[in-house]
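Coordinates as given in data_22.txt (compact mmCIF, C-alpha atoms):
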```txt
# COMPACT_ATOMS: atom_id res chain seq x y z
CA MET O 1 0.00 0.00 0.00
CA ARG O 2 2.05 2.93 -1.31
CA ASN O 3 0.76 6.46 -1.53
CA LEU O 4 2.87 7.93 -4.29
CA SER O 5 2.18 10.41 -7.03
CA THR O 6 4.60 11.51 -9.72
CA ALA O 7 6.31 14.84 -10.31
CA SER O 8 8.97 16.06 -12.69
CA ALA O 9 12.37 16.68 -11.11
CA ASP O 10 14.41 19.17 -13.15
CA GLY O 11 14.49 17.17 -16.38
CA PHE O 12 15.18 13.81 -14.73
CA GLY O 13 11.79 12.44 -15.68
CA GLU O 14 9.07 11.23 -13.39
CA VAL O 15 10.06 10.82 -9.75
CA PRO O 16 7.76 9.30 -7.11
CA ARG O 17 6.36 11.87 -4.72
CA LEU O 18 4.72 10.94 -1.43
CA ASP O 19 1.15 12.01 -0.75
CA SER O 20 1.78 14.39 2.18
CA ARG O 21 -1.69 14.01 3.71
CA ALA O 22 -1.41 10.20 3.68
CA LEU O 23 2.14 10.42 5.06
CA ARG O 24 0.97 12.66 7.92
CA SER O 25 -1.79 10.17 8.72
CA ALA O 26 0.66 7.26 8.70
CA LEU O 27 3.15 9.14 10.90
CA GLY O 28 0.29 9.87 13.30
CA GLN O 29 0.11 6.15 14.00
CA PHE O 30 3.32 6.50 16.02
CA ALA O 31 2.26 7.41 19.57
CA THR O 32 4.42 10.06 21.19
CA GLY O 33 4.73 11.81 24.49
CA VAL O 34 3.80 15.48 24.71
CA THR O 35 6.18 18.21 25.83
CA VAL O 36 6.16 21.95 26.26
CA VAL O 37 9.50 23.51 25.37
CA THR O 38 10.16 26.82 27.11
CA THR O 39 12.78 29.55 27.04
CA ARG O 40 13.25 33.28 27.49
CA ASP O 41 13.77 35.27 24.28
CA ARG O 42 16.29 38.07 23.67
CA ASN O 43 13.78 40.62 25.01
CA GLY O 44 13.41 38.69 28.27
CA ASP O 45 9.92 37.40 27.47
CA PHE O 46 8.92 33.80 28.17
CA VAL O 47 8.32 31.68 25.07
CA GLY O 48 6.77 28.23 25.08
CA LEU O 49 5.23 25.77 22.67
CA THR O 50 3.83 22.27 22.56
CA ALA O 51 6.05 19.72 20.81
CA ASN O 52 5.82 15.98 20.36
CA SER O 53 9.01 15.77 18.30
CA PHE O 54 11.15 15.31 21.42
CA GLY O 55 13.45 12.31 21.77
CA ALA O 56 16.48 10.93 23.56
CA LEU O 57 19.59 11.01 21.38
CA SER O 58 22.53 9.92 23.56
CA LEU O 59 23.32 9.04 27.17
CA ASP O 60 27.04 9.78 26.89
CA PRO O 61 27.06 12.68 26.43
CA PRO O 62 23.46 13.26 27.57
CA LEU O 63 21.78 14.65 24.43
CA ILE O 64 18.16 15.20 23.39
CA VAL O 65 16.66 16.27 20.08
CA TRP O 66 13.48 18.07 19.10
CA SER O 67 12.27 19.90 16.02
CA LEU O 68 10.22 22.96 15.17
CA ARG O 69 8.51 23.92 11.90
CA LEU O 70 10.33 26.60 9.95
CA SER O 71 7.03 28.50 9.64
CA SER O 72 6.59 28.71 13.44
CA GLY O 73 6.41 32.20 14.86
CA ASN O 74 8.55 30.93 17.75
CA LEU O 75 11.41 29.65 15.61
CA ARG O 76 13.60 32.75 15.90
CA ALA O 77 13.30 32.77 19.70
CA PHE O 78 14.69 29.24 19.96
CA GLN O 79 17.36 29.82 17.31
CA ASP O 80 18.61 32.90 19.16
CA VAL O 81 19.00 31.39 22.62
CA GLU O 82 21.44 28.87 24.00
CA ARG O 83 19.25 27.27 26.66
CA PHE O 84 15.71 25.95 26.99
CA VAL O 85 13.66 23.60 29.16
CA VAL O 86 11.74 20.56 27.91
CA ASN O 87 8.73 19.83 30.15
CA VAL O 88 7.25 16.33 29.72
CA LEU O 89 3.52 16.64 30.39
CA THR O 90 1.39 14.31 32.49
CA ASP O 91 -2.00 13.00 31.46
CA SER O 92 -3.63 15.66 33.67
CA GLN O 93 -2.04 18.48 31.63
CA VAL O 94 -4.05 18.27 28.39
CA ASP O 95 -5.23 21.87 28.86
CA ILE O 96 -1.62 23.05 29.19
CA SER O 97 -0.70 21.25 25.97
CA ARG O 98 -3.62 22.90 24.16
CA LEU O 99 -2.74 26.31 25.59
CA PHE O 100 0.89 26.14 24.45
CA ALA O 101 -0.22 24.86 21.02
CA SER O 102 -2.44 27.94 20.62
CA SER O 103 -1.65 31.50 19.59
CA THR O 104 -2.67 32.87 23.01
CA PRO O 105 -0.22 35.70 23.76
CA ASP O 106 0.29 35.22 27.54
CA LYS O 107 0.58 31.48 27.92
CA PHE O 108 2.40 31.66 31.24
CA GLY O 109 -0.15 33.87 33.00
CA SER O 110 -2.45 31.01 33.94
CA VAL O 111 0.10 28.19 34.30
CA ALA O 112 2.00 27.47 37.50
CA HIS O 113 5.70 27.68 36.78
CA ALA O 114 9.04 28.58 38.34
CA GLU O 115 12.37 29.74 36.97
CA ASN O 116 15.65 27.89 36.91
CA GLN O 117 19.06 29.46 37.57
CA TYR O 118 19.05 31.02 34.07
CA GLY O 119 15.59 32.50 34.51
CA LEU O 120 13.98 29.94 32.20
CA PRO O 121 10.47 28.73 33.00
CA PHE O 122 9.69 25.16 33.91
CA LEU O 123 6.11 24.01 34.45
CA HIS O 124 4.82 22.73 37.78
CA GLY O 125 3.30 19.27 37.71
CA ALA O 126 5.27 17.97 34.72
CA ALA O 127 6.35 14.32 34.69
CA ALA O 128 9.95 15.36 33.92
CA TRP O 129 12.03 18.45 33.18
CA PHE O 130 15.18 18.66 31.11
CA GLU O 131 17.22 21.85 31.36
CA CYS O 132 19.24 21.95 28.16
CA ARG O 133 22.03 23.83 26.40
CA ARG O 134 21.81 23.82 22.62
CA VAL O 135 24.86 22.30 20.92
CA SER O 136 23.55 22.14 17.36
CA GLN O 137 20.75 23.30 15.13
CA GLN O 138 20.16 22.65 11.49
CA VAL O 139 17.42 22.94 8.91
CA ALA O 140 16.11 19.59 7.71
CA GLY O 141 13.20 19.72 5.29
CA ASP O 142 10.50 22.01 6.66
CA HIS O 143 11.81 21.86 10.26
CA CYS O 144 14.75 23.02 12.33
CA LEU O 145 16.36 20.30 14.43
CA PHE O 146 17.68 21.27 17.85
CA ILE O 147 20.21 19.02 19.55
CA ALA O 148 20.98 19.90 23.16
CA GLU O 149 22.98 18.65 26.09
CA VAL O 150 20.99 17.92 29.23
CA GLU O 151 22.55 19.94 32.06
CA HIS O 152 19.98 19.18 34.77
CA PHE O 153 16.87 17.06 34.95
CA ALA O 154 14.22 15.89 37.38
CA ASN O 155 11.30 13.58 37.22
CA ALA O 156 8.17 13.06 39.29
CA ASP O 157 5.47 10.46 39.56
CA GLY O 158 2.73 10.79 37.02
CA ALA O 159 1.53 9.07 33.89
CA PRO O 160 2.62 10.75 30.65
CA LEU O 161 0.28 12.48 28.24
CA LEU O 162 0.29 10.69 24.87
CA PHE O 163 -0.59 11.86 21.36
CA HIS O 164 -1.73 9.44 18.65
CA GLY O 165 -3.65 9.90 15.41
CA GLY O 166 -4.37 13.57 16.13
CA ALA O 167 -5.81 12.98 19.62
CA TYR O 168 -4.66 12.84 23.24
CA PHE O 169 -4.50 9.57 25.17
CA THR O 170 -3.57 8.31 28.58
CA LEU O 171 -1.21 5.43 29.25
CA GLY O 172 -2.93 2.05 29.02
CA SER O 173 -2.27 -1.14 30.90
CA ARG O 174 1.24 -2.44 31.38
CA LEU O 175 1.83 -5.49 29.20
```
Just dump the structure as structure tokens.
Amino acid sequence: MRNLSTASADGFGEVPRLDSRALRSALGQFATGVTVVTTRDRNGDFVGLTANSFGALSLDPPLIVWSLRLSSGNLRAFQDVERFVVNVLTDSQVDISRLFASSTPDKFGSVAHAENQYGLPFLHGAAAWFECRRVSQQVAGDHCLFIAEVEHFANADGAPLLFHGGAYFTLGSRL
């Protein structure tokens, strides 16, 4: 079951092209955790967004990776700063995920948070926090990949919030 169409590629004839809507649907079958990535921009304002593109990259050195669409209004803020915090949300924080996925201007006004030693916000009640220093960023397709070293982290009890097929889920039974 392949979802391909054809397109010309600079005189090289017909080249298979993936159906982007079908690809997005297929990628949505991969369940992910939900995070809110936060920082403070050059003007000193808090910036935060919901991301499910977060992943572990390496334990030695401790590296994580996440990505952000090039069309995001928050892209410049994250490209311009060295540090950020990845907050792993619990299943009771669906409203926080929706808030940080929205265009609401003051996202931090109604969310309990504190600041780390660099003045970066981390969210109360998260399942885990990763305070990170960016070591690399690069454009890949329609996203910017951020690779960062974990400088500090903490975790708490709480089931993670999951995202699958365009909807939120809670953790099911242990198998």
Proximity of range 70-157 of chain O to range 43-57 of chain O: per-residue shortest pair, 8 Å limit, only C-alpha atoms, as CSV:
```
residue,atom,partner,partner_atom,distance
O:Asn74,CA,O:Val47,CA,7.4
O:Ala77,CA,O:Val47,CA,7.4
O:Ser97,CA,O:Thr50,CA,5.8
O:Arg98,CA,O:Thr50,CA,7.6
O:Phe100,CA,O:Leu49,CA,4.7
O:Ala101,CA,O:Thr50,CA,5.0
O:Lys107,CA,O:Gly48,CA,7.5
O:Phe108,CA,O:Phe46,CA,7.5
O:Leu120,CA,O:Phe46,CA,7.5
O:Pro121,CA,O:Phe46,CA,7.2
```
### Task
Name all residues at most 10 Å from Gly125 in chain O (count all atoms listed in the file; drop same-chain ones fewer than 6 positions away) and give them as a PyMOL selection string.
chain O and resi 87-90+92-93+112-113+155-158
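The space between CA of Phe130 in chain O and CA of Leu175 in chain O spans 27.7 Å.
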### Among listed residues O:Ala114, O:Ala127, O:Ser136, O:Gln79, nearest Pro160 in chain O (using all atoms listed in the file)
O:Ala127
### Query
When you draw a straight line from CA of Pro16 in chain O to CA of Cys144 in chain O, how long is it in Å?
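The value is 24.8 Å.
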### Within 8 Å of range 167-171 of chain O using all atoms listed in the file, minus same-chain residues under 5 positions, as a PyMOL selection string
chain O and resi 91+94+159-162
